[in-house]
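> JSON, C-alpha atoms, saved as target-v3.json, coming up:
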[["chain", "number", "residue", "atom", "x", "y", "z"],
["A", 1, "MET", "CA", 34.24, 38.33, -19.60],
["A", 2, "MET", "CA", 32.84, 35.27, -21.36],
["A", 3, "ASN", "CA", 36.13, 33.37, -20.99],
["A", 4, "LYS", "CA", 36.13, 34.11, -17.24],
["A", 5, "LYS", "CA", 32.56, 32.82, -16.97],
["A", 6, "ILE", "CA", 33.50, 29.61, -18.79],
["A", 7, "ILE", "CA", 36.51, 29.05, -16.53],
["A", 8, "ALA", "CA", 34.47, 29.72, -13.39],
["A", 9, "THR", "CA", 31.78, 27.27, -14.47],
["A", 10, "LEU", "CA", 34.29, 24.53, -15.26],
["A", 11, "ILE", "CA", 35.91, 25.05, -11.87],
["A", 12, "LEU", "CA", 32.48, 24.71, -10.23],
["A", 13, "ILE", "CA", 31.85, 21.40, -12.00],
["A", 14, "VAL", "CA", 35.30, 19.97, -11.23],
["A", 15, "THR", "CA", 34.97, 21.06, -7.60],
["A", 16, "SER", "CA", 31.59, 19.32, -7.35],
["A", 17, "LEU", "CA", 33.14, 16.15, -8.70],
["A", 18, "THR", "CA", 35.90, 16.16, -6.11],
["A", 19, "ILE", "CA", 34.39, 17.41, -2.85],
["A", 20, "VAL", "CA", 31.27, 15.26, -2.68],
["A", 21, "LYS", "CA", 31.96, 12.03, -0.83],
["A", 22, "ALA", "CA", 29.61, 9.33, -1.16],
["A", 23, "CYS", "CA", 24.41, 2.51, -3.72],
["A", 24, "ASP", "CA", 21.43, 1.75, -3.77],
["A", 25, "ILE", "CA", 24.18, -0.06, -5.64],
["A", 26, "CYS", "CA", 25.08, 2.61, -8.11],
["A", 27, "GLY", "CA", 22.21, 2.77, -10.52],
["A", 28, "CYS", "CA", 20.55, -0.61, -10.00],
["A", 29, "GLY", "CA", 17.47, -1.28, -7.95],
["A", 30, "VAL", "CA", 15.62, 1.47, -6.20],
["A", 31, "GLY", "CA", 16.90, 4.57, -7.91],
["A", 32, "SER", "CA", 18.97, 6.06, -10.69],
["A", 33, "TYR", "CA", 19.29, 9.74, -11.51],
["A", 34, "TYR", "CA", 21.23, 9.62, -14.74],
["A", 35, "LEU", "CA", 19.92, 12.38, -17.03],
["A", 36, "GLY", "CA", 22.35, 12.75, -19.90],
["A", 37, "ILE", "CA", 21.44, 15.17, -22.67],
["A", 38, "LEU", "CA", 17.87, 16.39, -22.32],
["A", 39, "PRO", "CA", 15.67, 16.63, -25.41],
["A", 40, "GLU", "CA", 15.35, 20.12, -26.84],
["A", 41, "TYR", "CA", 12.05, 21.85, -26.07],
["A", 42, "ASN", "CA", 10.79, 25.38, -25.59],
["A", 43, "LYS", "CA", 7.78, 24.93, -23.30],
["A", 44, "ARG", "CA", 7.03, 21.35, -22.29],
["A", 45, "PHE", "CA", 7.77, 17.76, -23.20],
["A", 46, "LEU", "CA", 6.33, 14.38, -22.24],
["A", 47, "GLY", "CA", 7.84, 11.01, -22.98],
["A", 48, "MET", "CA", 8.93, 7.54, -21.92],
["A", 49, "ARG", "CA", 12.29, 6.14, -20.84],
["A", 50, "TYR", "CA", 13.26, 2.48, -20.66],
["A", 51, "GLN", "CA", 16.25, 1.35, -18.62],
["A", 52, "TYR", "CA", 17.85, -2.08, -18.32],
["A", 53, "LYS", "CA", 20.47, -2.98, -15.71],
["A", 54, "ASN", "CA", 21.79, -6.20, -14.20],
["A", 55, "LEU", "CA", 23.57, -7.07, -10.99],
["A", 56, "ASN", "CA", 25.23, -10.19, -9.52],
["A", 57, "THR", "CA", 24.79, -10.49, -5.75],
["A", 58, "HIS", "CA", 25.68, -12.95, -3.00],
["A", 59, "LEU", "CA", 29.22, -13.13, -4.34],
["A", 60, "GLY", "CA", 31.97, -14.64, -2.23],
["A", 61, "PRO", "CA", 34.46, -12.60, -0.16],
["A", 62, "TYR", "CA", 36.77, -12.29, -3.20],
["A", 63, "GLY", "CA", 34.02, -11.55, -5.70],
["A", 64, "GLU", "CA", 33.69, -15.17, -6.83],
["A", 65, "ARG", "CA", 30.39, -16.86, -7.65],
["A", 66, "THR", "CA", 29.01, -19.22, -4.98],
["A", 67, "PRO", "CA", 26.09, -21.68, -4.82],
["A", 68, "ILE", "CA", 23.85, -18.86, -3.56],
["A", 69, "THR", "CA", 24.95, -16.21, -6.10],
["A", 70, "ALA", "CA", 21.94, -14.47, -7.64],
["A", 71, "ASP", "CA", 21.60, -12.87, -11.07],
["A", 72, "GLU", "CA", 19.31, -9.84, -10.83],
["A", 73, "THR", "CA", 17.88, -7.69, -13.59],
["A", 74, "TYR", "CA", 16.25, -4.29, -13.09],
["A", 75, "GLN", "CA", 14.08, -2.83, -15.80],
["A", 76, "SER", "CA", 11.99, 0.31, -15.63],
["A", 77, "ALA", "CA", 9.48, 1.95, -17.93],
["A", 78, "GLU", "CA", 9.42, 5.56, -16.85],
["A", 79, "LEU", "CA", 7.03, 8.33, -17.72],
["A", 80, "TRP", "CA", 9.02, 11.55, -17.70],
["A", 81, "GLY", "CA", 8.38, 15.14, -18.61],
["A", 82, "GLY", "CA", 9.68, 18.69, -18.40],
["A", 83, "TRP", "CA", 8.06, 22.08, -18.14],
["A", 84, "ASN", "CA", 9.75, 25.44, -18.59],
["A", 85, "ILE", "CA", 8.08, 28.09, -16.44],
["A", 86, "GLY", "CA", 8.90, 31.49, -17.90],
["A", 87, "THR", "CA", 12.54, 31.86, -18.90],
["A", 88, "LYS", "CA", 14.22, 31.07, -15.57],
["A", 89, "PHE", "CA", 12.59, 27.94, -14.16],
["A", 90, "ARG", "CA", 12.35, 24.32, -15.24],
["A", 91, "VAL", "CA", 10.58, 21.35, -13.63],
["A", 92, "LEU", "CA", 11.28, 17.68, -14.43],
["A", 93, "ALA", "CA", 9.13, 14.77, -13.23],
["A", 94, "PHE", "CA", 9.76, 11.00, -13.26],
["A", 95, "VAL", "CA", 7.17, 8.27, -12.67],
["A", 96, "PRO", "CA", 8.81, 4.81, -12.93],
["A", 97, "TYR", "CA", 7.23, 1.38, -13.16],
["A", 98, "ASN", "CA", 9.80, -1.24, -12.19],
["A", 99, "PHE", "CA", 10.33, -4.86, -13.20],
["A", 100, "ASN", "CA", 12.79, -6.66, -10.92],
["A", 101, "GLU", "CA", 13.81, -10.27, -11.47],
["A", 102, "ARG", "CA", 16.14, -12.57, -9.54],
["A", 103, "LYS", "CA", 17.46, -15.96, -10.61],
["A", 104, "ALA", "CA", 19.47, -18.24, -8.30],
["A", 105, "GLN", "CA", 19.98, -21.92, -7.52],
["A", 106, "THR", "CA", 18.19, -21.31, -4.24],
["A", 107, "GLY", "CA", 15.10, -19.98, -6.02],
["A", 108, "ASN", "CA", 13.80, -17.32, -8.36],
["A", 109, "GLY", "CA", 11.73, -14.23, -7.65],
["A", 110, "SER", "CA", 10.27, -11.12, -9.21],
["A", 111, "LYS", "CA", 8.73, -7.81, -8.20],
["A", 112, "ASN", "CA", 6.76, -5.54, -10.50],
["A", 113, "GLY", "CA", 5.12, -2.27, -9.62],
["A", 114, "LEU", "CA", 5.21, 1.47, -9.28],
["A", 115, "GLY", "CA", 8.54, 2.89, -8.17],
["A", 116, "ASP", "CA", 9.34, 6.08, -6.29],
["A", 117, "ILE", "CA", 8.13, 9.24, -8.04],
["A", 118, "ALA", "CA", 10.66, 12.08, -8.26],
["A", 119, "LEU", "CA", 10.33, 15.79, -8.98],
["A", 120, "MET", "CA", 13.23, 18.15, -9.75],
["A", 121, "GLY", "CA", 13.25, 21.92, -10.09],
["A", 122, "TYR", "CA", 15.94, 24.00, -11.79],
["A", 123, "TYR", "CA", 16.80, 27.69, -11.87],
["A", 124, "LYS", "CA", 18.69, 29.09, -14.85],
["A", 125, "VAL", "CA", 21.78, 30.91, -13.63],
["A", 126, "PHE", "CA", 22.70, 32.03, -17.14],
["A", 127, "ASP", "CA", 22.04, 31.22, -20.79],
["A", 128, "HIS", "CA", 24.44, 33.08, -23.06],
["A", 129, "LYS", "CA", 24.82, 33.14, -26.82],
["A", 130, "GLY", "CA", 27.78, 34.87, -28.43],
["A", 131, "THR", "CA", 30.67, 34.34, -30.77],
["A", 132, "LEU", "CA", 34.23, 33.20, -30.36],
["A", 133, "GLY", "CA", 36.11, 34.20, -33.45],
["A", 134, "GLU", "CA", 33.59, 33.67, -36.21],
["A", 135, "ARG", "CA", 31.91, 30.68, -34.54],
["A", 136, "LEU", "CA", 28.81, 30.53, -32.37],
["A", 137, "LEU", "CA", 29.38, 29.90, -28.66],
["A", 138, "VAL", "CA", 26.39, 28.91, -26.51],
["A", 139, "GLN", "CA", 26.45, 27.99, -22.83],
["A", 140, "SER", "CA", 23.96, 27.58, -20.00],
["A", 141, "LEU", "CA", 23.99, 26.65, -16.32],
["A", 142, "TRP", "CA", 21.00, 25.35, -14.35],
["A", 143, "ILE", "CA", 20.99, 24.57, -10.63],
["A", 144, "GLY", "CA", 18.23, 23.25, -8.40],
["A", 145, "GLY", "CA", 16.89, 20.59, -6.10],
["A", 146, "GLY", "CA", 14.29, 17.89, -5.94],
["A", 147, "VAL", "CA", 12.33, 15.43, -3.87],
["A", 148, "LYS", "CA", 11.62, 11.69, -4.19],
["A", 149, "VAL", "CA", 8.48, 10.39, -2.50],
["A", 150, "PRO", "CA", 7.94, 6.81, -1.23],
["A", 151, "THR", "CA", 5.35, 5.59, -3.72],
["A", 152, "GLY", "CA", 7.15, 2.31, -4.45],
["A", 153, "LYS", "CA", 6.58, -0.77, -2.29],
["A", 154, "TYR", "CA", 9.31, -1.61, 0.23],
["A", 155, "GLU", "CA", 9.44, -5.04, 1.88],
["A", 156, "PRO", "CA", 11.40, -5.10, 5.18],
["A", 157, "ALA", "CA", 11.47, -8.91, 5.10],
["A", 158, "GLU", "CA", 13.73, -8.68, 2.06],
["A", 159, "ARG", "CA", 16.43, -7.04, 4.17],
["A", 160, "THR", "CA", 16.06, -9.63, 6.95],
["A", 161, "ALA", "CA", 16.45, -12.49, 4.47],
["A", 162, "ILE", "CA", 19.58, -11.23, 2.70],
["A", 163, "GLN", "CA", 22.24, -10.32, 5.22],
["A", 164, "GLU", "CA", 25.08, -11.00, 2.76],
["A", 165, "SER", "CA", 23.52, -9.16, -0.17],
["A", 166, "PRO", "CA", 22.66, -5.49, -0.75],
["A", 167, "ASN", "CA", 19.14, -4.35, 0.14],
["A", 168, "ASN", "CA", 18.50, -3.55, -3.47],
["A", 169, "PHE", "CA", 15.73, -5.88, -4.62],
["A", 170, "GLN", "CA", 13.00, -3.38, -3.81],
["A", 171, "LEU", "CA", 10.52, -1.30, -5.78],
["A", 172, "GLY", "CA", 11.02, 1.71, -3.49],
["A", 173, "THR", "CA", 12.95, 2.88, -0.44],
["A", 174, "ALA", "CA", 9.97, 3.80, 1.83],
["A", 175, "SER", "CA", 11.73, 7.11, 2.50],
["A", 176, "THR", "CA", 11.35, 10.70, 1.39],
["A", 177, "ASP", "CA", 14.66, 11.75, -0.14],
["A", 178, "PHE", "CA", 16.08, 14.97, -1.56],
["A", 179, "THR", "CA", 18.42, 15.89, -4.40],
["A", 180, "VAL", "CA", 20.72, 18.78, -5.26],
["A", 181, "ASN", "CA", 21.26, 19.16, -9.01],
["A", 182, "ALA", "CA", 23.32, 21.10, -11.54],
["A", 183, "ALA", "CA", 23.41, 20.95, -15.34],
["A", 184, "TYR", "CA", 25.90, 22.76, -17.56],
["A", 185, "ASP", "CA", 26.10, 22.79, -21.34],
["A", 186, "ILE", "CA", 28.57, 24.55, -23.62],
["A", 187, "ARG", "CA", 28.57, 24.35, -27.41],
["A", 188, "TYR", "CA", 31.06, 25.79, -29.89],
["A", 189, "ASN", "CA", 29.22, 25.81, -33.21],
["A", 190, "ASP", "CA", 28.22, 22.12, -33.51],
["A", 191, "VAL", "CA", 30.60, 20.62, -30.94],
["A", 192, "GLY", "CA", 29.36, 20.54, -27.35],
["A", 193, "LEU", "CA", 30.06, 19.39, -23.83],
["A", 194, "ASN", "CA", 27.26, 18.48, -21.41],
["A", 195, "ALA", "CA", 27.68, 17.89, -17.66],
["A", 196, "ASN", "CA", 25.16, 16.83, -14.99],
["A", 197, "VAL", "CA", 25.77, 16.37, -11.28],
["A", 198, "ASN", "CA", 23.26, 15.06, -8.74],
["A", 199, "TYR", "CA", 23.61, 14.48, -5.00],
["A", 200, "LYS", "CA", 20.84, 12.45, -3.36],
["A", 201, "ILE", "CA", 20.28, 12.87, 0.38],
["A", 202, "ASN", "CA", 18.38, 9.91, 1.81],
["A", 203, "THR", "CA", 16.37, 9.85, 5.02],
["A", 204, "GLU", "CA", 15.62, 6.94, 7.33],
["A", 205, "ASN", "CA", 12.43, 5.05, 6.53],
["A", 206, "LYS", "CA", 9.91, 3.83, 9.11],
["A", 207, "TYR", "CA", 11.71, 0.49, 9.26],
["A", 208, "GLU", "CA", 14.83, 2.24, 10.64],
["A", 209, "TYR", "CA", 16.77, 1.75, 7.43],
["A", 210, "ARG", "CA", 18.53, 4.54, 5.56],
["A", 211, "TYR", "CA", 20.12, 4.06, 2.17],
["A", 212, "GLY", "CA", 23.48, 5.78, 1.78],
["A", 213, "ASN", "CA", 23.63, 9.21, 0.19],
["A", 214, "LYS", "CA", 24.46, 8.96, -3.49],
["A", 215, "PHE", "CA", 26.41, 11.11, -5.93],
["A", 216, "THR", "CA", 26.01, 10.83, -9.71],
["A", 217, "ALA", "CA", 27.94, 12.77, -12.36],
["A", 218, "ASN", "CA", 28.19, 12.44, -16.10],
["A", 219, "LEU", "CA", 30.21, 14.31, -18.71],
["A", 220, "LEU", "CA", 29.34, 13.90, -22.40],
["A", 221, "ALA", "CA", 30.87, 15.32, -25.55],
["A", 222, "TYR", "CA", 28.54, 15.55, -28.53],
["A", 223, "TYR", "CA", 28.42, 16.70, -32.14],
["A", 224, "LYS", "CA", 25.28, 18.03, -33.83],
["A", 225, "ILE", "CA", 24.59, 16.96, -37.39],
["A", 226, "ARG", "CA", 21.73, 18.60, -39.27],
["A", 227, "ILE", "CA", 20.06, 16.58, -42.03],
["A", 228, "ALA", "CA", 17.96, 18.37, -44.66],
["A", 229, "LYS", "CA", 17.22, 21.14, -42.16],
["A", 230, "ALA", "CA", 14.59, 18.85, -40.63],
["A", 231, "ILE", "CA", 16.44, 16.40, -38.40],
["A", 232, "THR", "CA", 19.22, 16.99, -35.87],
["A", 233, "VAL", "CA", 21.33, 14.00, -34.87],
["A", 234, "ALA", "CA", 23.83, 14.22, -32.02],
["A", 235, "PRO", "CA", 26.16, 11.26, -31.40],
["A", 236, "ASN", "CA", 27.74, 11.52, -27.96],
["A", 237, "ALA", "CA", 30.28, 9.81, -25.74],
["A", 238, "GLY", "CA", 31.61, 10.34, -22.24],
["A", 239, "VAL", "CA", 31.77, 9.00, -18.71],
["A", 240, "LEU", "CA", 29.32, 8.30, -15.89],
["A", 241, "TYR", "CA", 30.50, 8.13, -12.28],
["A", 242, "GLU", "CA", 28.36, 7.00, -9.34],
["A", 243, "THR", "CA", 29.28, 6.58, -5.70],
["A", 244, "ALA", "CA", 27.39, 6.09, -2.46],
["A", 245, "GLN", "CA", 27.97, 5.89, 1.25],
["A", 246, "LYS", "CA", 27.09, 2.76, 3.20],
["A", 247, "ASP", "CA", 23.53, 2.18, 4.27],
["A", 248, "VAL", "CA", 22.71, 2.65, 7.96],
["A", 249, "GLU", "CA", 20.42, 0.59, 10.20],
["A", 250, "SER", "CA", 18.81, 1.82, 13.43],
["A", 251, "GLY", "CA", 20.54, 5.17, 13.05],
["A", 252, "LYS", "CA", 24.02, 3.90, 13.91],
["A", 253, "TYR", "CA", 25.00, 0.58, 12.32],
["A", 254, "ASP", "CA", 26.72, 0.67, 8.93],
["A", 255, "VAL", "CA", 25.61, -2.07, 6.55],
["A", 256, "ASP", "CA", 28.81, -3.72, 5.31],
["A", 257, "VAL", "CA", 27.19, -5.08, 2.15],
["A", 258, "SER", "CA", 26.34, -1.67, 0.73],
["A", 259, "GLY", "CA", 27.89, 1.44, -0.79],
["A", 260, "GLY", "CA", 30.64, 1.65, -3.35],
["A", 261, "TYR", "CA", 31.34, 3.21, -6.72],
["A", 262, "SER", "CA", 31.18, 2.51, -10.45],
["A", 263, "LEU", "CA", 32.73, 4.26, -13.42],
["A", 264, "SER", "CA", 31.20, 3.70, -16.86],
["A", 265, "ALA", "CA", 32.03, 4.68, -20.42],
["A", 266, "VAL", "CA", 28.93, 5.98, -22.18],
["A", 267, "ALA", "CA", 28.13, 6.09, -25.90],
["A", 268, "GLY", "CA", 24.84, 7.14, -27.38],
["A", 269, "ILE", "CA", 22.88, 9.11, -29.92],
["A", 270, "GLU", "CA", 20.16, 11.74, -29.68],
["A", 271, "ALA", "CA", 17.88, 12.73, -32.54],
["A", 272, "GLY", "CA", 15.25, 15.40, -32.86],
["A", 273, "MET", "CA", 12.76, 16.54, -35.44],
["A", 274, "LYS", "CA", 9.64, 18.63, -35.40],
["A", 275, "GLY", "CA", 7.29, 17.08, -32.86],
["A", 276, "LEU", "CA", 9.50, 14.17, -31.77],
["A", 277, "SER", "CA", 12.80, 13.47, -29.99],
["A", 278, "PHE", "CA", 14.39, 10.12, -29.22],
["A", 279, "GLY", "CA", 17.69, 8.70, -28.14],
["A", 280, "ALA", "CA", 19.63, 5.79, -26.71],
["A", 281, "ASN", "CA", 22.85, 5.16, -24.83],
["A", 282, "TYR", "CA", 24.89, 2.20, -23.68],
["A", 283, "GLN", "CA", 26.84, 2.32, -20.43],
["A", 284, "ASN", "CA", 29.86, 0.04, -20.23],
["A", 285, "VAL", "CA", 31.08, -0.39, -16.64],
["A", 286, "ARG", "CA", 34.86, -0.03, -16.66],
["A", 287, "SER", "CA", 35.65, 0.03, -12.94],
["A", 288, "GLN", "CA", 33.65, -0.76, -9.81],
["A", 289, "ASP", "CA", 33.75, -1.75, -6.16],
["A", 290, "LEU", "CA", 30.23, -2.39, -4.90],
["A", 291, "ALA", "CA", 28.93, -3.65, -1.56],
["A", 292, "GLY", "CA", 32.38, -4.55, -0.29],
["A", 293, "GLY", "CA", 32.99, -6.71, -3.37],
["A", 294, "ARG", "CA", 29.84, -8.78, -2.79],
["A", 295, "ALA", "CA", 28.03, -7.34, -5.82],
["A", 296, "TYR", "CA", 29.01, -6.84, -9.45],
["A", 297, "ALA", "CA", 27.12, -4.58, -11.87],
["A", 298, "GLY", "CA", 26.85, -5.34, -15.57],
["A", 299, "ASN", "CA", 26.46, -2.97, -18.48],
["A", 300, "ARG", "CA", 23.31, -0.88, -18.89],
["A", 301, "LEU", "CA", 21.04, 0.35, -21.63],
["A", 302, "MET", "CA", 18.69, 3.31, -21.79],
["A", 303, "VAL", "CA", 16.34, 4.40, -24.59],
["A", 304, "HIS", "CA", 13.87, 7.27, -24.57],
["A", 305, "MET", "CA", 11.45, 9.22, -26.67],
["A", 306, "SER", "CA", 9.55, 12.42, -26.02],
["A", 307, "VAL", "CA", 7.10, 14.80, -27.63],
["A", 308, "PRO", "CA", 7.45, 18.58, -27.14],
["A", 309, "PHE", "CA", 4.27, 20.60, -26.90]]
Just give me the structure as structure tokens.


Amino acid sequence: MMNKKIIATLILIVTSLTIVKACDICGCGVGSYYLGILPEYNKRFLGMRYQYKNLNTHLGPYGERTPITADETYQSAELWGGWNIGTKFRVLAFVPYNFNERKAQTGNGSKNGLGDIALMGYYKVFDHKGTLGERLLVQSLWIGGGVKVPTGKYEPAERTAIQESPNNFQLGTASTDFTVNAAYDIRYNDVGLNANVNYKINTENKYEYRYGNKFTANLLAYYKIRIAKAITVAPNAGVLYETAQKDVESGKYDVDVSGGYSLSAVAGIEAGMKGLSFGANYQNVRSQDLAGGRAYAGNRLMVHMSVPF
């Protein structure tokens, strides 16, 4: 019975990866929903996440740098937290403060401020502990949805000024958007596999601009190491895939300089002890095609810490 459940869950994840067609340029700019391995907690946790990303825009038709090419960096300091309600429900919240910077021969610019606040809810489909042979086998599946509210500032003049660059240099999207989420984890003794999928459904903002729907999926393998029965360290590695449809203006015009995909190799470490969890990961972009070749994403870094209570 357990083997059938494992097979069915893996089929569900693989199917999700293949049937969803989809950036706010794949993780840069006005939104990223990479979760990775959540910190362990029984009731609640509260913490901070820091993310660093960079993007080259205004590239030529063959991806070459031009006199108007811009180097953009996107940093965010994000308050995040989780709350388990009973044994079946989980809520996650994200409150980002963004730091955007652009450098180009034609001029520099920056934008700092509150980003778009997001809330996600999960329902636990199953959480099973058993044995396979003489080893412990643990697996869980959570599914749910969420909402992102337009708390970040959106400047329509930015879109008017950059016809040959993605509309990404914003603090928010000015739209209320929705997500569909799933998280699966399976661990055989100390070796585990963690998968997250997220599909973001964007709506048109009051400026008649709609960012393309976005799909994010990551798959991480990890190994738990216990030190002196007080600290658990879990090195991990895997892949992160992001893809998005083209943006749409006035309800019918596709924005050529938008959409695309990126595939990254991820390596990181998670650590937990009584009263504190922290972690970091590095995302190395291995393949990409963004904004019709007019944008190029660099590697990314994320660090976090949290306190369970």

> Counting all atoms listed in the file, figure out which residue out of A:Glu155, A:Glu208, A:Asp127, A:Asp71 gets nearest to Asp247 in chain A.

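Once distances to Asp247 in chain A are computed over all atoms listed in the file, the minimum belongs to A:Glu208.
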
> For a test of reading the model, state the distance in Å between CA of Trp83 in chain A and CA of Phe45 in chain A, rounded to one decimal.

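Between CA of Trp83 in chain A and CA of Phe45 in chain A the gap works out to 6.7 Å.
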
> Find the spatial neighbours of Leu114 in chain A, counting all atoms listed in the file, within a cut-off of 12 Å - ignore same-chain residues fewer than 2 positions away - and output them as a list in words.

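My list of contacting residues is Val30, Gln75, Ser76, Ala77, Glu78, Leu79, Phe94, Val95, Pro96, Tyr97, Asn98, Phe99, Asn100, Lys111, Asn112, Asp116, Ile117, Ala118, Val149, Pro150, Thr151, Gly152, Lys153, Tyr154, Gln170, Leu171, Gly172 and Thr173 of chain A.
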
> May I have the residues within 6 Å of range 291-295 of chain A as an NGL selection string, using all atoms listed in the file and disregarding those fewer than 6 positions away in the same chain?

:A and (56-59 or 63 or 257-260)

> Tell me which of A:Leu220, A:Val255, A:Ala265, A:Ala271 sits closest to Ala234 in chain A, counting only C-alpha atoms.

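Of A:Leu220, A:Val255, A:Ala265, A:Ala271, the one nearest Ala234 in chain A is A:Ala271, counting only C-alpha atoms.
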
> Just so I have it separately, write range 175-182 of chain A from the block I sent, keeping all heavy atoms, as a tab-separated table (two decimals), in the first residue's frame.


chain	number	residue	atom	x	y	z
A	175	SER	N	-1.20	44.28	-9.05
A	175	SER	CA	-2.28	43.33	-9.32
A	175	SER	C	-2.43	42.36	-8.17
A	175	SER	O	-1.47	42.07	-7.46
A	175	SER	CB	-2.01	42.57	-10.62
A	175	SER	OG	-0.80	41.83	-10.52
A	176	THR	N	-3.64	41.85	-8.02
A	176	THR	CA	-3.90	40.78	-7.06
A	176	THR	C	-3.76	39.46	-7.80
A	176	THR	O	-4.45	39.22	-8.79
A	176	THR	CB	-5.31	40.91	-6.46
A	176	THR	OG1	-5.42	42.16	-5.79
A	176	THR	CG2	-5.57	39.79	-5.47
A	177	ASP	N	-2.85	38.62	-7.34
A	177	ASP	CA	-2.53	37.39	-8.04
A	177	ASP	C	-2.74	36.19	-7.12
A	177	ASP	O	-2.81	36.32	-5.90
A	177	ASP	CB	-1.08	37.42	-8.53
A	177	ASP	CG	-0.79	38.68	-9.35
A	177	ASP	OD1	-1.67	39.09	-10.13
A	177	ASP	OD2	0.29	39.26	-9.19
A	178	PHE	N	-2.81	35.01	-7.73
A	178	PHE	CA	-3.16	33.80	-6.98
A	178	PHE	C	-2.16	32.69	-7.29
A	178	PHE	O	-1.58	32.65	-8.38
A	178	PHE	CB	-4.59	33.36	-7.33
A	178	PHE	CG	-5.61	34.44	-7.09
A	178	PHE	CD1	-5.98	35.29	-8.12
A	178	PHE	CD2	-6.18	34.62	-5.84
A	178	PHE	CE1	-6.91	36.30	-7.90
A	178	PHE	CE2	-7.10	35.62	-5.60
A	178	PHE	CZ	-7.47	36.47	-6.64
A	179	THR	N	-1.99	31.80	-6.33
A	179	THR	CA	-1.06	30.68	-6.53
A	179	THR	C	-1.73	29.36	-6.19
A	179	THR	O	-2.65	29.30	-5.37
A	179	THR	CB	0.20	30.82	-5.65
A	179	THR	OG1	-0.19	30.83	-4.26
A	179	THR	CG2	0.96	32.10	-5.96
A	180	VAL	N	-1.27	28.31	-6.86
A	180	VAL	CA	-1.62	26.93	-6.54
A	180	VAL	C	-0.32	26.24	-6.18
A	180	VAL	O	0.66	26.32	-6.93
A	180	VAL	CB	-2.31	26.23	-7.73
A	180	VAL	CG1	-2.66	24.80	-7.37
A	180	VAL	CG2	-3.56	27.00	-8.15
A	181	ASN	N	-0.29	25.55	-5.03
A	181	ASN	CA	0.97	25.04	-4.49
A	181	ASN	C	0.87	23.57	-4.12
A	181	ASN	O	-0.21	23.08	-3.76
A	181	ASN	CB	1.36	25.82	-3.23
A	181	ASN	CG	1.11	27.30	-3.34
A	181	ASN	OD1	1.61	27.95	-4.25
A	181	ASN	ND2	0.32	27.84	-2.43
A	182	ALA	N	2.02	22.89	-4.17
A	182	ALA	CA	2.12	21.52	-3.66
A	182	ALA	C	3.54	21.31	-3.14
A	182	ALA	O	4.50	21.82	-3.72
A	182	ALA	CB	1.80	20.51	-4.75
